[in-house]
Amino acid sequence: MKEEIIIAGFGGQGVLSMGKILAYSGVMQGQEVTWMPSYGPEMRGGTANVTVVLSDNRISSPILHAFDTAIILNQQSMDKFEPLVKPGGLLLYDPNGITRHPERDDINIYKIEAAEEAAQLKSAKTFNMIVLGAFLKVKPVVEMENVLKGLKKSLPERHHHLIPMNEKAIQRGGEIVKEVTLVKA
Amino acid sequence: MAEITEDIKVAENIVHKKSSVLTDKVMHYCPGCSHGVVHKLLAEVIEEMGIQDKTIGVAPVGCSVFIYNYLAIDWQEAAHGRAPALGTAISRLRPDRYVVTYQGDGDLAAIGTAETIHACNRGENMVMIFINNGIYGMTGGQMAPTTLEGMKASTCPFGRDPKTDGNPLKITEIVAQLPGTNFVTRQAVHTAAAVRRTKKAIRKAFEKQKDKTGTSFVEVVSTCNSGWKMNPVDSNNWMEENMFPFYPLGDIKDV
Amino acid sequence: MKGNEAIAEAAIRCGADGYFGYPITPQSEVMEKLMELQPWNSTGMVVLQAESETASINMLYGGAGCGKRVMTSSSSPGISLMQEGLSYMAGAELPCLVVNVVRGGPGLGTIQPSQSDYFQSVKGGGHGDYKLIVLAPASVQEMADFVELGFDLAFKYRNPAMILSDGMIGQMMEKVELKPQQKRWTDEEVAQMHPWATTGKPESRDYNIITSVELDSEAHEKFNHRLQVKYRELEEKEVRFETTDVDDADYLIVAYGSSARISAAAIEILREKGIKVGLLRPITLYPFPTKEIQRLGAKMKGILSVEMSSGQMVEDVRLAVEGKVKVEHFGRYGGVVHSPDEVAEALEQKLIGG
């Protein structure tokens with residue numbers, strides 16, 4: 001098994017921490033992992049992305065120009081990464097704020113209304129966990145018990161009381177993710 | 001004659017002897033230079049306090065670069081201006097030791113200003129000895145940060161003009177403002193009385209280190225008769241008339 | 001754990017005595033992690049944020065002069081500022097560890113990864129005839145492992161050692177196995193193991209002087225000879241490298257650090273196409289695996305030196321094969337990281353044609 005994933009969105013959406021939890025989950029499952037962030041001078045705002053590779057074997061390059069999965073959370077990232085999904089790969093996106101929806105017909109496209117759901121749960125911070133739940137539903141690359149272990153590992157102890165809420169968000173994401181069927185013009 | 005000389009070499013006749021911390025190496029300093037006197041005082045203080053085995057010195061770049069040839073303590077030779085950085089690490093990694101840095105004005109107040117200010121501001125536990133003769137001696141008499149207004153040097157041959165050359169820097173007064181210093185004083189070694197006062201100041205600076213309460217800073221206003229192009233006596237007179245009004249002697253801070 | 005954090009954890013665990021540094025992207029996590037872990041409470045390790053990189057490297061001089069295991073970390077512009085101090089430390093034969101998480105230059109440049117400090121690191125970035133021992137980690141695990149290795153080599157040869165990493169390895173997270181906590185040397189052990197150190201002069205020995213100045217040219221030439229003997233010994237005994245897929249290879253990629261990782265993926269792409277390519281990854285950049293490149297190079301149709309620079313290490317690869325094999329360079333630079341596809345394409349174009 002080898003899964004090469006790009007997660008991309010705005011800074012502050014929890015892109016990096018979502019990747020981190022996924023990476024830690026892989027470690028808990030005994031996989032080889034790399035987590036390679038884009039990093040910039042700004043602490044908030046701007047675009048942020050992270051490449052996560054999960055594999056049963058030693059990982060060569062942590063830098064990639066084609067991905068098995070792209071998780072896309074803003075328009076700039078859609079423009080940049082939609083073309084880089086491997087044929088037959090997965091594109092998962094939140095339609096909130098997206099003005100140009102994905103157009104490729106050689107990949108599998110799913111959408112997750114995570115921003116809206118997080119607003120309904122009155123907990124904006126669960127946004128990235130809803131997205132993660134959606135991804136794991138479509139591609140169960142790590143088992144849920146390892147995801148919970150990874151969550152625990154990547155959260156500082158003082159935030160451990162938030163784990164049940166995050167767990168619920170992951171579950172919710174799995175429930176509401178939808179496959180998108182392109183209607184050919 | 002020889003026999004008579006040997007006869008009088010008995011303990012009860014000794015009124016003064018060379019410090020055991022001084023080596024037998026002949027000093028390279030010009031006649032009349034203040035470095036030799038300050039070296040001697042430093043050696044005497046280390047001997048009298050019995051801390052030869054507990055003192056680590058940091059030598060500068062400048063005329064006193066070879067101070068390590070003259071005092072028999074462990075020494076590190078620093079890059080130009082960086083003695084306080086070395087001293088910082090030594091005192092932090094060997095808090096059981098006395099650390100003494102020895103620097104001239106170019107070293108301490110020009111190229112090494114940042115290291116001086118920050119070591120003193122952090123209050124690193126060390127004695128800093130600062131020889132201020134208002135000129136670069138080793139490189140041949142160029143302008144120093146402490147060169148007085150109107151004073152001639154090879155890089156201000158018509159006298160220092162603050163409009164173009166900047167102003168003389170009172171680094172010791174700046175250092176005294178910093179919370180990290182526990183003792184800041186300015187002395188000289190041009191008379192016997194001044195030599196005694198300077199020795200007392202160096203001793204006090206070392207005693208202060210026992211409590212680990214910060215940096216102890218001793219400036220010695222000095223002559224450089226070669227650089228100033230005067231004989232030693234004229235240099236001393238010139239120093240009294242010109243240096244002391246701008247760099248007044250005495251304790252600036254003692255907490 | 002991030003590469004930069006691995007450096008901090010490994011430093012504490014291998015029993016380092018002091019870290020002196022100044023913040024600069026992309027490596028500030030090293031000091032941040034150390035400050036968070038508060039090793040002064042556990043092992044007694046000193047951690048100090050200095051006023052500049054200049055001060056940091058001179059603090060290393062002071063600490064190393066006392067026989068202590070001291071280190072700093074920085075990124076390219078900060079490392080440039082340290083060159084004076086590194087030359088002095090090489091001249092005073094002082095051991096220390098410097099971590100350079102390289103970013104693109106020249107000047108303030110960019111904060112993105114680069115490998116353009118190769119010349120500065122392996123050719124001696126400061127003044128005078130000296131060398132640094134240079135280790136090039138290609139994974140977060142090696143970031144951790146090379147801290148101890150770097151200290152060991154630095155003390156064995158009484159010479160500064162450098163971990164030459166880059167923003168990619170520094171910022172990347174991977175699995176790491178950390179070694180158990182080792183004890184720091186006691187002051188008594190230091191005095192015994194390193195009789196040259198300034199530890200305070202006891203009755204039993206003459207006083208020690210740590211210095212790099214010698215005004216007598218003849219004596220200074222003799223000292224320089226001694227340094228050169230040391231460097232020849234390093235070249236004889238301490239060369240480290242790793243080879244992959246070289247046995248049946250027609251072409252060889254030479255790459256270190258993150259470029260070696262990217263090149264490994266490029267080799268997978270090329271082999272799928274039936275082009276047999278192997279990888280030689282120098283682990284020590286100084287001493288450089290000259291002999292091995294020469295030996296392997298003799299069997300190859302061509303060599304591609306891949307590095308995130310305009311072509312620095314490629315000069316040493318060319319020197320190694322003495323013109324007997326075609327050697328080309330490929331690399332994106334100025335903060336741009338090449339992809340496996342780009343490396344694969346470059347090899348085909350530059351060595352095979354078309």
# chains A, B, ... in the order shown; residues from 1 in each chain; ligands from 1
>>> closest_atom_pairs(of="chain A", to="chain C", cutoff="9 Å", atoms="only C-alpha atoms", output="Markdown table")
| residue | atom | partner | partner_atom | distance |
| --- | --- | --- | --- | --- |
| A:Lys20 | CA | C:Met173 | CA | 8.4 |
| A:Ala23 | CA | C:Glu174 | CA | 8.4 |
| A:Tyr24 | CA | C:Lys175 | CA | 8.9 |
| A:Val27 | CA | C:Lys175 | CA | 7.1 |
| A:Glu32 | CA | C:Lys175 | CA | 7.1 |
| A:Val33 | CA | C:Glu174 | CA | 5.7 |
| A:Thr34 | CA | C:Glu174 | CA | 4.8 |
| A:Trp35 | CA | C:Met173 | CA | 4.7 |
| A:Met36 | CA | C:Met172 | CA | 4.5 |
| A:Pro37 | CA | C:Met172 | CA | 6.7 |
| A:Ser38 | CA | C:Gln171 | CA | 8.7 |
| A:Tyr39 | CA | C:Gln112 | CA | 7.7 |
| A:Gly40 | CA | C:Ile111 | CA | 7.4 |
| A:Pro41 | CA | C:Ile111 | CA | 7.9 |
| A:Ile59 | CA | C:Arg261 | CA | 8.2 |
| A:Ser60 | CA | C:Arg261 | CA | 4.9 |
| A:Ser61 | CA | C:Ile262 | CA | 4.4 |
| A:Pro62 | CA | C:Ile262 | CA | 7.3 |
| A:Ile63 | CA | C:Ser339 | CA | 6.5 |
| A:Leu64 | CA | C:Ser339 | CA | 6.0 |
| A:His65 | CA | C:Ser339 | CA | 6.2 |
>>> select_by_dssp(residues="segment 10-178 of chain A", states="strand (DSSP E or B)", output="ChimeraX atom specification")
/A:10,32-37,47-55,67-72,85-93,108-111,178
>>> write_last_selection(atoms="N, CA and C atoms", output="compact mmCIF listing (two decimals), in the first residue's frame")
# COMPACT_ATOMS: atom_id res chain seq x y z
N PHE A 10 -6.63 27.26 3.02
CA PHE A 10 -6.14 28.49 3.63
C PHE A 10 -5.39 28.16 4.92
N GLU A 32 5.17 3.43 7.15
CA GLU A 32 6.16 4.49 6.96
C GLU A 32 5.39 5.75 6.58
N VAL A 33 5.79 6.89 7.08
CA VAL A 33 5.09 8.13 6.75
C VAL A 33 6.07 9.27 6.51
N THR A 34 5.68 10.20 5.65
CA THR A 34 6.33 11.51 5.62
C THR A 34 5.25 12.58 5.62
N TRP A 35 5.57 13.69 6.24
CA TRP A 35 4.67 14.85 6.33
C TRP A 35 5.50 16.04 5.94
N MET A 36 5.20 16.63 4.80
CA MET A 36 6.04 17.71 4.29
C MET A 36 5.18 18.94 4.06
N PRO A 37 5.31 19.95 4.90
CA PRO A 37 4.45 21.14 4.75
C PRO A 37 5.05 22.13 3.75
N THR A 47 -2.12 30.69 1.57
CA THR A 47 -2.43 29.30 1.30
C THR A 47 -1.47 28.40 2.06
N ALA A 48 -1.98 27.26 2.45
CA ALA A 48 -1.15 26.30 3.17
C ALA A 48 -1.39 24.94 2.55
N ASN A 49 -0.36 24.15 2.39
CA ASN A 49 -0.60 22.78 1.97
C ASN A 49 0.41 21.84 2.58
N VAL A 50 0.04 20.59 2.63
CA VAL A 50 0.93 19.59 3.21
C VAL A 50 0.82 18.30 2.40
N THR A 51 1.96 17.69 2.16
CA THR A 51 1.98 16.40 1.47
C THR A 51 2.18 15.31 2.51
N VAL A 52 1.29 14.35 2.52
CA VAL A 52 1.42 13.21 3.43
C VAL A 52 1.55 11.94 2.59
N VAL A 53 2.57 11.14 2.88
CA VAL A 53 2.71 9.86 2.20
C VAL A 53 2.62 8.77 3.25
N LEU A 54 1.73 7.80 3.02
CA LEU A 54 1.61 6.62 3.88
C LEU A 54 2.01 5.42 3.03
N SER A 55 2.87 4.57 3.56
CA SER A 55 3.34 3.46 2.73
C SER A 55 3.77 2.27 3.59
N PHE A 67 -0.54 13.06 -7.30
CA PHE A 67 -1.05 12.55 -6.04
C PHE A 67 -2.15 11.53 -6.25
N ASP A 68 -2.23 10.56 -5.32
CA ASP A 68 -3.35 9.63 -5.33
C ASP A 68 -4.62 10.34 -4.87
N THR A 69 -4.44 11.25 -3.93
CA THR A 69 -5.58 11.98 -3.37
C THR A 69 -5.24 13.46 -3.22
N ALA A 70 -6.18 14.32 -3.63
CA ALA A 70 -6.05 15.74 -3.33
C ALA A 70 -7.26 16.15 -2.49
N ILE A 71 -6.98 16.71 -1.31
CA ILE A 71 -8.06 17.22 -0.47
C ILE A 71 -7.99 18.74 -0.56
N ILE A 72 -9.04 19.34 -1.15
CA ILE A 72 -8.94 20.73 -1.58
C ILE A 72 -9.96 21.58 -0.86
N VAL A 85 -3.88 15.37 -9.79
CA VAL A 85 -4.40 14.09 -9.29
C VAL A 85 -4.14 13.03 -10.36
N LYS A 86 -3.58 11.87 -9.91
CA LYS A 86 -3.30 10.80 -10.87
C LYS A 86 -4.62 10.28 -11.47
N PRO A 87 -4.64 9.88 -12.73
CA PRO A 87 -5.87 9.30 -13.32
C PRO A 87 -6.36 8.15 -12.43
N GLY A 88 -7.63 8.15 -12.15
CA GLY A 88 -8.19 7.13 -11.27
C GLY A 88 -8.07 7.50 -9.81
N GLY A 89 -7.45 8.63 -9.53
CA GLY A 89 -7.25 9.08 -8.15
C GLY A 89 -8.49 9.77 -7.59
N LEU A 90 -8.33 10.32 -6.40
CA LEU A 90 -9.46 10.91 -5.68
C LEU A 90 -9.26 12.41 -5.50
N LEU A 91 -10.33 13.16 -5.76
CA LEU A 91 -10.35 14.57 -5.41
C LEU A 91 -11.51 14.78 -4.45
N LEU A 92 -11.18 15.22 -3.25
CA LEU A 92 -12.20 15.49 -2.23
C LEU A 92 -12.18 16.98 -1.95
N TYR A 93 -13.35 17.65 -2.01
CA TYR A 93 -13.32 19.10 -1.77
C TYR A 93 -14.55 19.57 -1.03
N ASN A 108 -11.98 10.24 -9.46
CA ASN A 108 -13.18 10.15 -8.62
C ASN A 108 -13.30 11.41 -7.78
N ILE A 109 -14.47 12.03 -7.86
CA ILE A 109 -14.66 13.30 -7.15
C ILE A 109 -15.72 13.14 -6.06
N TYR A 110 -15.37 13.60 -4.87
CA TYR A 110 -16.30 13.60 -3.74
C TYR A 110 -16.35 14.99 -3.15
N LYS A 111 -17.52 15.34 -2.59
CA LYS A 111 -17.54 16.63 -1.88
C LYS A 111 -18.00 16.43 -0.45
N LYS A 178 -20.31 13.00 -0.09
CA LYS A 178 -21.13 12.61 -1.25
C LYS A 178 -20.29 12.47 -2.51
>>> residues_around(residues="segment 60-67 of chain B", least_positions_apart="2", cutoff="9 Å", atoms="only C-alpha atoms", output="VMD selection string")
(chain B and resid 27 to 29 35 39 58 69 to 71 75 to 83 101 to 104 106 to 108 136 to 139) or (chain C and resid 213)
>>> atom_distance(atom1="atom CA of Tyr118 of chain C", atom2="atom CA of Ile293 of chain C")
17.6 Å
>>> closest_residue(among="B:Leu148, B:Ala114, B:Ala201, B:Ile171", to="Met243 of chain B", atoms="only C-alpha atoms")
B:Leu148
>>> interface_residues(of="chain C", to="chain B", cutoff="7 Å", atoms="only C-alpha atoms", output="PyMOL selection string")
chain C and resi 51+55+58-59+61-63+65-66+198+200-202+207-211
>>> select_by_dssp(residues="segment 13-173 of chain C", states="alpha helix (DSSP H)", output="VMD selection string")
chain C and resid 13 29 to 37 39 to 42 53 to 65 76 to 81 83 to 91 118 to 122 140 to 157 167 to 171
>>> residues_around(residues="Thr164 of chain B", least_positions_apart="3", cutoff="12 Å", atoms="only C-alpha atoms", output="list in words")
Glu149, Gly150, Thr155, Cys156, Phe158, Gly159, Arg160, Asp161 and Asn167 of chain B
>>> write_last_selection(atoms="N, CA and C atoms", output="mmCIF file, in the first residue's frame")
data_model
loop_
_atom_site.group_PDB
_atom_site.id
_atom_site.type_symbol
_atom_site.label_atom_id
_atom_site.label_comp_id
_atom_site.auth_asym_id
_atom_site.auth_seq_id
_atom_site.Cartn_x
_atom_site.Cartn_y
_atom_site.Cartn_z
ATOM 1 N N GLU B 149 37.701 63.959 20.844
ATOM 2 C CA GLU B 149 37.494 64.995 19.836
ATOM 3 C C GLU B 149 38.791 65.797 19.669
ATOM 4 N N GLY B 150 39.217 65.968 18.450
ATOM 5 C CA GLY B 150 40.434 66.742 18.179
ATOM 6 C C GLY B 150 41.716 65.941 18.296
ATOM 7 N N THR B 155 44.220 57.583 11.137
ATOM 8 C CA THR B 155 43.045 57.639 10.258
ATOM 9 C C THR B 155 42.195 58.884 10.525
ATOM 10 N N CYS B 156 42.674 59.762 11.405
ATOM 11 C CA CYS B 156 42.116 61.122 11.513
ATOM 12 C C CYS B 156 43.312 62.034 11.798
ATOM 13 N N PHE B 158 44.197 64.917 11.154
ATOM 14 C CA PHE B 158 44.031 66.332 11.520
ATOM 15 C C PHE B 158 43.201 66.466 12.790
ATOM 16 N N GLY B 159 43.042 65.364 13.501
ATOM 17 C CA GLY B 159 42.253 65.383 14.732
ATOM 18 C C GLY B 159 40.847 64.872 14.474
ATOM 19 N N ARG B 160 40.277 64.184 15.462
ATOM 20 C CA ARG B 160 38.928 63.634 15.272
ATOM 21 C C ARG B 160 37.905 64.749 15.173
ATOM 22 N N ASP B 161 37.170 64.725 14.074
ATOM 23 C CA ASP B 161 36.104 65.713 13.872
ATOM 24 C C ASP B 161 34.765 64.974 13.998
ATOM 25 N N ASN B 167 31.499 60.599 17.353
ATOM 26 C CA ASN B 167 31.902 61.056 18.690
ATOM 27 C C ASN B 167 32.593 59.962 19.479
#
>>> residues_around(residues="Tyr247 of chain B", least_positions_apart="6", cutoff="9 Å", atoms="only C-alpha atoms", output="list of chain:residue names")
B:Lys170, B:Arg186, B:Val221
>>> write_last_selection(atoms="N, CA and C atoms", output="PDB file, in the first residue's frame")
ATOM      1  N   LYS B 170      31.451  56.598  25.307  1.00  0.00           N
ATOM      2  CA  LYS B 170      31.632  56.273  26.731  1.00  0.00           C
ATOM      3  C   LYS B 170      30.947  54.942  27.016  1.00  0.00           C
ATOM      4  N   ARG B 186      35.986  53.076  36.791  1.00  0.00           N
ATOM      5  CA  ARG B 186      37.005  53.544  35.846  1.00  0.00           C
ATOM      6  C   ARG B 186      38.237  53.964  36.636  1.00  0.00           C
ATOM      7  N   VAL B 221      41.800  53.655  32.178  1.00  0.00           N
ATOM      8  CA  VAL B 221      42.202  54.670  31.196  1.00  0.00           C
ATOM      9  C   VAL B 221      43.722  54.613  31.104  1.00  0.00           C
TER      10      VAL B 221
END
>>> closest_residue(among="A:His161, A:Lys153, A:Lys125, A:Lys168", to="Ile21 of chain A", atoms="only C-alpha atoms")
A:Lys153
>>> residues_around(residues="Asn166 of chain A", least_positions_apart="6", cutoff="9 Å", atoms="only C-alpha atoms", output="list in words")
Lys125, Thr126, Met129, Ile130 and Leu151 of chain A
>>> write_last_selection(atoms="C-alpha atoms", output="mmCIF file, in the first residue's frame")
data_model
loop_
_atom_site.group_PDB
_atom_site.id
_atom_site.type_symbol
_atom_site.label_atom_id
_atom_site.label_comp_id
_atom_site.auth_asym_id
_atom_site.auth_seq_id
_atom_site.Cartn_x
_atom_site.Cartn_y
_atom_site.Cartn_z
ATOM 1 C CA LYS A 125 -12.494 23.892 14.910
ATOM 2 C CA THR A 126 -13.953 20.508 14.009
ATOM 3 C CA MET A 129 -11.848 16.535 11.322
ATOM 4 C CA ILE A 130 -15.070 16.432 9.321
ATOM 5 C CA LEU A 151 -5.315 12.134 17.349
#
